[in-house]
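Single-structure report; data block below.
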Amino acid sequence: MEEVLGWINGIIWSKALIALCLGAGLWFSFRTRFMQVRGFIEMTRLTFTGQKSDAGVSSFQALALSMSGRIGIGNIAGVATAIAFGGPGAIFWMWVMGFLGASTSFVECCLAQIYKEKDNEGRYRGGPAYYIEKGLGLKWYALAFAIATIAAAGVLMPGVQANAIADGIANACQGGALCGSLDGEVMGMASRDALKLGIGITVALLLAAIIFGGIKRIAAFAEFVVPFMAIGYILTAVTVMAINYEYVPEMFRIIFSSAFGMHAGFGAMLGLAVEWGVKRGVYANEAGQGTGPHAAAAAEVSHPAKQGYVQAWAIYFDTMLICTSTAFLVLATGMYNVQLPDGTMLQEALPGIEAGAGFVQNGINTVLPGWGAGFVAVALFFFAFTTIMAYYYMAETNLTYLNGHRTRPLATLLLRLAITGMVVFGAFHNAGTAWALGDMGVGLMAWLNIIAILLLQKPALAALRDYERQKKLGLDPVFDPDALGIRNADFWRKRG
């Protein structure tokens, strides 16, 4: 089973998808005249302004909700893996992907706002399925995206995130006063598995308390937790760098020299650096995957471009700060391995340690002995828990789409039970198959969404030009789709 899934994922997550993501980022950067540079001050201002309403959430809450999905275990394990198999130069190409991906995020999230709808309970709903149907007129295409998203975000991936939480906590307390050796049994179950099951049940109950409260409670929780967890993680990286300040110049030299194939040790990895940097950059910041637009559509704004700007800023924050913090925790301490595809080790500072969170744990331990496992466990908990929360919202939005833009209580209840059940199941079971199935779903989402936004870019570009025109006139931009010749933007037409 896993071999078949691996083969399918090898096709879906091939270099063609990497090239498509990179190419789309370049194309949208040129088409928007590098709005991620010209509009940096504006996107920063808009991030912290805006009001919520009975129908929608504030721009900042929508940002926090989308960031809760973007900031996951990929920001820790994914970055470490990029370094392990692409060398330190992969970090530079992650930065490149983050820079270019900001324009992609603007386009997809602006489209989500243009084509959003209100469900039968008066709440904003939108995302790729909505703009594929209304913008491209391809119902079957929209249905394919919605089904792939429900399968990946609602059923498969939550278990993987829960498994990361349970493993992180179990590793942190292994041998401690609370857990002991975890080598015995509890009620016929291995102690470690029993602990992970208990963690899974606890996480599921916490998740249920939030998601049963609907989008407003999800957004309020994200608004409070996401800044806290992100700032804490960044401050830890800054602390490690401050203590190891003498290694910082060398760290940057290694990153840039490796990125262009000029490093004595890692120079031969140029192609791998680009491949792994772009691949993990896309996986971490999710630009173009179609995940961010779901949260973007929920924002209460007067013009779609406003939320496009805010979500472009989210890519900067995710890649330039969170992913970079992981890279600095690893590279500034020298706690990483680098391996060629043939198994040759170019650097092996951590013999026997697999690429992943262990790099970060050991990096922290070099300057704060004994704190690494605990810190990584806490970071994984917050990163993974908020990601599960965002997964639920994406799945619920697409379920609403399948139900004709209506929230049906029984279908919603079944989804909530399914996702909490998968959290419990995934916490103590092998996550290999779930990872493969989840990767397949997310990969299909990316293919479907990027092709869609390339075909449907004109409305987003028209909205950007309209926003900039109104700003030059000193106005607070208000969207009028008819004036721009944009069809099927029914919500905005009714609102106007």
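Here's how to read the names in the structure tokens: chain A, B, ... by the order shown, residue numbers from 1 in each chain, ligand numbers from 1 in the order shown.
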| query | Quick one: residues within 9 Å of A:Asn9, only C-alpha atoms counted, chain neighbours fewer than 4 positions away excluded, as number ranges by chain? | reply | A: 4-5, 13-14, 436-437, 439-440, 443
Counting only C-alpha atoms, which residues of stretch 312-399 of chain A fall within 10 Å of stretch 94-112 of chain A, and what is the closest atom pair for each with its distance in Å at one decimal, ordered by chain and rising number, as a tab-separated table?
residue	atom	partner	partner_atom	distance
A:Ala312	CA	A:Ala102	CA	4.4
A:Trp313	CA	A:Ala102	CA	6.9
A:Ala314	CA	A:Ala102	CA	7.9
A:Ile315	CA	A:Ala102	CA	5.5
A:Tyr316	CA	A:Gly98	CA	6.2
A:Phe317	CA	A:Gly98	CA	9.1
A:Asp318	CA	A:Gly98	CA	8.2
A:Thr319	CA	A:Gly98	CA	5.6
A:Met320	CA	A:Trp95	CA	6.4
A:Leu321	CA	A:Trp95	CA	10.0
A:Cys323	CA	A:Met94	CA	8.5
A:Thr324	CA	A:Trp95	CA	8.3
| said: Here is a test: counting only C-alpha atoms, which residue of A:Gln339, A:Gln311, A:Thr412, A:Asn285 is nearest to A:Gly87? | reply: A:Gln339
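Here atom CA of A:Val310 stands at a distance of 16.5 Å from atom CA of A:Phe479.
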With only C-alpha atoms as the counted atoms, please give the residues lying no more than 10 Å from A:Ala90, apart from itself and same-chain residues fewer than 5 positions off, as an mmCIF file with C-alpha atoms, in the first residue's frame.
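Listed below is the output, result04.cif:
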data_model
loop_
_atom_site.group_PDB
_atom_site.id
_atom_site.type_symbol
_atom_site.label_atom_id
_atom_site.label_comp_id
_atom_site.auth_asym_id
_atom_site.auth_seq_id
_atom_site.Cartn_x
_atom_site.Cartn_y
_atom_site.Cartn_z
ATOM 1 C CA VAL A 79 13.134 23.001 7.176
ATOM 2 C CA THR A 81 14.818 18.041 6.067
ATOM 3 C CA ALA A 82 15.608 20.670 3.427
ATOM 4 C CA ILE A 83 18.985 21.276 5.062
ATOM 5 C CA ALA A 84 19.671 17.543 5.388
ATOM 6 C CA PHE A 85 19.040 16.722 1.729
ATOM 7 C CA TRP A 95 13.589 32.636 0.854
ATOM 8 C CA VAL A 96 13.251 33.009 -2.917
ATOM 9 C CA ILE A 255 23.946 29.633 3.089
ATOM 10 C CA PHE A 256 24.804 31.939 0.184
ATOM 11 C CA SER A 258 25.984 26.773 -0.976
ATOM 12 C CA ALA A 259 22.970 28.277 -2.724
ATOM 13 C CA PHE A 260 25.082 29.081 -5.794
ATOM 14 C CA MET A 269 24.508 20.189 -4.212
ATOM 15 C CA LEU A 270 23.344 23.195 -6.254
ATOM 16 C CA GLY A 271 20.509 21.319 -7.969
ATOM 17 C CA LEU A 272 19.471 19.662 -4.726
ATOM 18 C CA ALA A 273 19.543 23.001 -2.905
ATOM 19 C CA VAL A 274 17.143 24.507 -5.429
ATOM 20 C CA GLU A 275 14.875 21.437 -5.460
ATOM 21 C CA TRP A 276 14.630 21.023 -1.702
ATOM 22 C CA GLY A 277 14.495 24.753 -1.005
ATOM 23 C CA VAL A 278 11.588 25.306 -3.399
ATOM 24 C CA LYS A 279 9.807 22.087 -2.395
ATOM 25 C CA ARG A 280 9.953 22.761 1.342
ATOM 26 C CA GLY A 281 9.294 26.450 0.815
ATOM 27 C CA ALA A 327 17.227 27.310 9.975
#
Report as JSON lines the residues of stretch 89-199 of chain A within 8 Å of stretch 448-453 of chain A, each with its shortest atom pair and distance in Å (one decimal), using only C-alpha atoms, ordered by chain and increasing residue number.
{"residue": "A:Val107", "atom": "CA", "partner": "A:Ile453", "partner_atom": "CA", "distance": 7.3}
{"residue": "A:Glu108", "atom": "CA", "partner": "A:Ile453", "partner_atom": "CA", "distance": 6.3}
{"residue": "A:Pro128", "atom": "CA", "partner": "A:Asn449", "partner_atom": "CA", "distance": 6.4}
{"residue": "A:Ile132", "atom": "CA", "partner": "A:Ala452", "partner_atom": "CA", "distance": 6.5}
{"residue": "A:Leu136", "atom": "CA", "partner": "A:Ala452", "partner_atom": "CA", "distance": 7.9}
{"residue": "A:Tyr141", "atom": "CA", "partner": "A:Leu448", "partner_atom": "CA", "distance": 7.9}
{"residue": "A:Phe145", "atom": "CA", "partner": "A:Leu448", "partner_atom": "CA", "distance": 6.6}
Limited to N, CA and C atoms, could you put the picked residues into a file as a compact mmCIF listing (two decimals), in the first residue's frame?
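result-v3.txt was written with the following content:
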# COMPACT_ATOMS: atom_id res chain seq x y z
N VAL A 107 -2.90 36.76 -5.29
CA VAL A 107 -3.85 36.45 -6.36
C VAL A 107 -4.93 35.49 -5.86
N GLU A 108 -4.53 34.36 -5.25
CA GLU A 108 -5.53 33.37 -4.84
C GLU A 108 -6.44 33.89 -3.74
N PRO A 128 -11.00 28.10 -3.27
CA PRO A 128 -10.81 27.66 -4.65
C PRO A 128 -12.05 27.04 -5.29
N ILE A 132 -13.39 28.66 -8.66
CA ILE A 132 -13.30 27.81 -9.85
C ILE A 132 -14.66 27.72 -10.53
N LEU A 136 -14.43 30.35 -13.45
CA LEU A 136 -14.13 29.56 -14.65
C LEU A 136 -15.36 28.86 -15.21
N TYR A 141 -14.70 20.69 -12.00
CA TYR A 141 -13.37 21.06 -11.53
C TYR A 141 -13.46 21.50 -10.06
N PHE A 145 -11.84 19.70 -6.55
CA PHE A 145 -11.05 20.37 -5.52
C PHE A 145 -11.69 20.21 -4.15
| How would you write, as a PyMOL selection string, the set of residues in stretch 276-488 of chain A that DSSP gives as helix (DSSP H, G or I)? | chain A and resi 276-285+292-296+304-331+357-367+372-402+409-428+432-455+457-472+482-484
| Who sits within 12 Å of A:Arg33, only C-alpha atoms, same chain under 5 positions skipped, as a PyMOL selection string | chain A and resi 25-28+38-39+100+103+461+464-465+468
Take the residues that were just selected and, keeping C-alpha atoms, output them as a PDB file, in the first residue's frame.
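Generated file (result21.pdb):
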ATOM      1  CA  GLY A  25       5.350  32.940  -8.423  1.00  0.00           C
ATOM      2  CA  LEU A  26       7.574  34.537 -11.057  1.00  0.00           C
ATOM      3  CA  TRP A  27       4.655  35.170 -13.403  1.00  0.00           C
ATOM      4  CA  PHE A  28       2.441  36.743 -10.752  1.00  0.00           C
ATOM      5  CA  ARG A  38       5.794  48.075  -3.773  1.00  0.00           C
ATOM      6  CA  GLY A  39       3.003  47.275  -1.347  1.00  0.00           C
ATOM      7  CA  LEU A 100       7.760  34.962  -5.103  1.00  0.00           C
ATOM      8  CA  SER A 103       2.381  37.405  -5.138  1.00  0.00           C
ATOM      9  CA  LEU A 461      -5.118  41.859 -11.316  1.00  0.00           C
ATOM     10  CA  LEU A 464      -5.239  45.303  -7.624  1.00  0.00           C
ATOM     11  CA  ARG A 465      -5.182  48.089 -10.200  1.00  0.00           C
ATOM     12  CA  GLU A 468      -4.188  51.297  -6.244  1.00  0.00           C
TER      13      GLU A 468
END
At a cut-off of 12 Å, can you tabulate as a Markdown table every residue of stretch 96-161 of chain A near stretch 382-388 of chain A together with its closest atom pair and the distance in Å to one decimal, using only C-alpha atoms and ordering rows by chain then number?
| residue | atom | partner | partner_atom | distance |
| --- | --- | --- | --- | --- |
| A:Ala152 | CA | A:Ile388 | CA | 11.3 |
| A:Ala153 | CA | A:Ile388 | CA | 8.1 |
| A:Gly154 | CA | A:Ile388 | CA | 8.7 |
| A:Val155 | CA | A:Ile388 | CA | 10.3 |
| A:Leu156 | CA | A:Ile388 | CA | 10.5 |
| A:Met157 | CA | A:Ile388 | CA | 7.9 |
| A:Pro158 | CA | A:Ile388 | CA | 5.3 |
| A:Gly159 | CA | A:Ile388 | CA | 8.6 |
| A:Val160 | CA | A:Ala384 | CA | 8.9 |
| A:Gln161 | CA | A:Ala384 | CA | 5.2 |
Write the residues of the selection above to a file with N, CA and C atoms, as an mmCIF file, in the first residue's frame.
data_model
loop_
_atom_site.group_PDB
_atom_site.id
_atom_site.type_symbol
_atom_site.label_atom_id
_atom_site.label_comp_id
_atom_site.auth_asym_id
_atom_site.auth_seq_id
_atom_site.Cartn_x
_atom_site.Cartn_y
_atom_site.Cartn_z
ATOM 1 N N ALA A 152 -8.273 15.298 2.382
ATOM 2 C CA ALA A 152 -6.946 15.576 2.927
ATOM 3 C C ALA A 152 -7.017 16.312 4.263
ATOM 4 N N ALA A 153 -7.767 17.429 4.285
ATOM 5 C CA ALA A 153 -7.786 18.274 5.482
ATOM 6 C C ALA A 153 -8.727 17.755 6.564
ATOM 7 N N GLY A 154 -9.805 17.093 6.170
ATOM 8 C CA GLY A 154 -10.783 16.672 7.157
ATOM 9 C C GLY A 154 -10.573 15.295 7.724
ATOM 10 N N VAL A 155 -9.859 14.431 7.010
ATOM 11 C CA VAL A 155 -9.745 13.039 7.449
ATOM 12 C C VAL A 155 -8.294 12.581 7.618
ATOM 13 N N LEU A 156 -7.438 12.879 6.654
ATOM 14 C CA LEU A 156 -6.112 12.263 6.636
ATOM 15 C C LEU A 156 -5.046 13.027 7.402
ATOM 16 N N MET A 157 -4.886 14.305 7.131
ATOM 17 C CA MET A 157 -3.781 15.059 7.717
ATOM 18 C C MET A 157 -3.904 15.356 9.215
ATOM 19 N N PRO A 158 -5.116 15.496 9.789
ATOM 20 C CA PRO A 158 -5.186 15.743 11.229
ATOM 21 C C PRO A 158 -4.489 14.676 12.068
ATOM 22 N N GLY A 159 -4.588 13.420 11.634
ATOM 23 C CA GLY A 159 -3.934 12.342 12.373
ATOM 24 C C GLY A 159 -2.419 12.461 12.362
ATOM 25 N N VAL A 160 -1.870 12.946 11.263
ATOM 26 C CA VAL A 160 -0.420 13.130 11.160
ATOM 27 C C VAL A 160 0.039 14.202 12.138
ATOM 28 N N GLN A 161 -0.689 15.312 12.183
ATOM 29 C CA GLN A 161 -0.328 16.391 13.102
ATOM 30 C C GLN A 161 -0.452 15.926 14.550
#
| Pick from A:Tyr309, A:Phe228, A:Phe30, A:Phe428 nearest to A:Ala170, counting only C-alpha atoms |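 Closest to A:Ala170 of all the choices is A:Phe428.
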| atom CA of A:Asn171 to atom CA of A:Ala377, straight-line distance in Å |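 Computing it gives 7.8 Å between the two atoms.
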| task | Give the strand (DSSP E or B) residues of stretch 116-257 of chain A, as DSSP finds them on the backbone, and put them as a PyMOL selection string. | result | chain A and resi 117-118+124-125+185-186+189-190
For the selection just defined, write its residues with C-alpha atoms to a file, as a PDB file, in the first residue's frame.
ATOM      1  CA  GLU A 117     -20.677  33.897  -0.757  1.00  0.00           C
ATOM      2  CA  LYS A 118     -22.795  33.888   2.384  1.00  0.00           C
ATOM      3  CA  TYR A 124     -18.829  34.302   4.602  1.00  0.00           C
ATOM      4  CA  ARG A 125     -17.595  31.250   2.705  1.00  0.00           C
ATOM      5  CA  GLU A 185       2.640  -1.732  30.004  1.00  0.00           C
ATOM      6  CA  VAL A 186      -0.596  -0.050  31.001  1.00  0.00           C
ATOM      7  CA  MET A 189      -0.847  -1.537  26.100  1.00  0.00           C
ATOM      8  CA  ALA A 190       2.779  -0.422  25.864  1.00  0.00           C
TER       9      ALA A 190
END
| task | Could you tell me how far atom CA of A:Gly358 lies from atom CA of A:Met251, in Å and to one decimal? | result |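 According to the coordinates, atom CA of A:Gly358 and atom CA of A:Met251 are separated by 19.3 Å.
Considering the residues A:Phe60, A:Tyr391, A:Phe491, A:Tyr336 and counting only C-alpha atoms, A:Ala296 has its shortest atom-to-atom contact with A:Phe60.
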| said: Taking 2 positions as the minimum chain separation for residues in the same chain, which residues sit within 9 Å of A:Asp119 when counting only C-alpha atoms? Answer as a ChimeraX atom specification. | reply: /A:117,121-125,400-401,404-407
Give me a file of those residues, with N, CA and C atoms, as a JSON list (two decimals), in the first residue's frame.
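Dumped to again.json:
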[["chain", "number", "residue", "atom", "x", "y", "z"],
["A", 117, "GLU", "N", -19.22, 33.92, -0.91],
["A", 117, "GLU", "CA", -20.68, 33.90, -0.76],
["A", 117, "GLU", "C", -21.02, 33.90, 0.73],
["A", 121, "GLU", "N", -26.46, 30.50, 7.05],
["A", 121, "GLU", "CA", -26.41, 31.06, 8.40],
["A", 121, "GLU", "C", -25.82, 32.47, 8.39],
["A", 122, "GLY", "N", -25.60, 33.01, 7.20],
["A", 122, "GLY", "CA", -25.15, 34.39, 7.09],
["A", 122, "GLY", "C", -23.66, 34.59, 7.27],
["A", 123, "ARG", "N", -22.84, 33.53, 7.14],
["A", 123, "ARG", "CA", -21.39, 33.64, 7.30],
["A", 123, "ARG", "C", -20.70, 33.57, 5.96],
["A", 124, "TYR", "N", -19.59, 34.29, 5.85],
["A", 124, "TYR", "CA", -18.83, 34.30, 4.60],
["A", 124, "TYR", "C", -18.17, 32.94, 4.36],
["A", 125, "ARG", "N", -18.26, 32.48, 3.13],
["A", 125, "ARG", "CA", -17.60, 31.25, 2.71],
["A", 125, "ARG", "C", -16.93, 31.51, 1.36],
["A", 400, "THR", "N", -19.57, 22.72, 3.02],
["A", 400, "THR", "CA", -20.65, 23.68, 2.78],
["A", 400, "THR", "C", -20.85, 23.91, 1.29],
["A", 401, "TYR", "N", -19.74, 23.98, 0.56],
["A", 401, "TYR", "CA", -19.83, 24.14, -0.89],
["A", 401, "TYR", "C", -20.55, 22.95, -1.53],
["A", 404, "GLY", "N", -24.34, 22.89, -1.49],
["A", 404, "GLY", "CA", -25.04, 24.00, -2.13],
["A", 404, "GLY", "C", -24.95, 25.29, -1.36],
["A", 405, "HIS", "N", -23.77, 25.55, -0.77],
["A", 405, "HIS", "CA", -23.52, 26.76, 0.02],
["A", 405, "HIS", "C", -24.39, 26.80, 1.27],
["A", 406, "ARG", "N", -24.78, 25.62, 1.74],
["A", 406, "ARG", "CA", -25.61, 25.54, 2.95],
["A", 406, "ARG", "C", -24.88, 24.73, 4.02],
["A", 407, "THR", "N", -25.04, 25.14, 5.26],
["A", 407, "THR", "CA", -24.51, 24.39, 6.39],
["A", 407, "THR", "C", -25.57, 23.41, 6.85]]
| message | Considering only C-alpha atoms, can you say which of A:Leu454, A:Leu205, A:Val330, A:Ala349 comes closest to A:Ala80? | response |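 Ranked by minimum distance to A:Ala80, first place goes to A:Val330.
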| message | When you count only C-alpha atoms, which of these residues is closest to A:Glu250: A:Gly334, A:Arg192, A:Gly343, A:Arg408? | response |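 Once distances to A:Glu250 are computed over only C-alpha atoms, the minimum belongs to A:Gly334.
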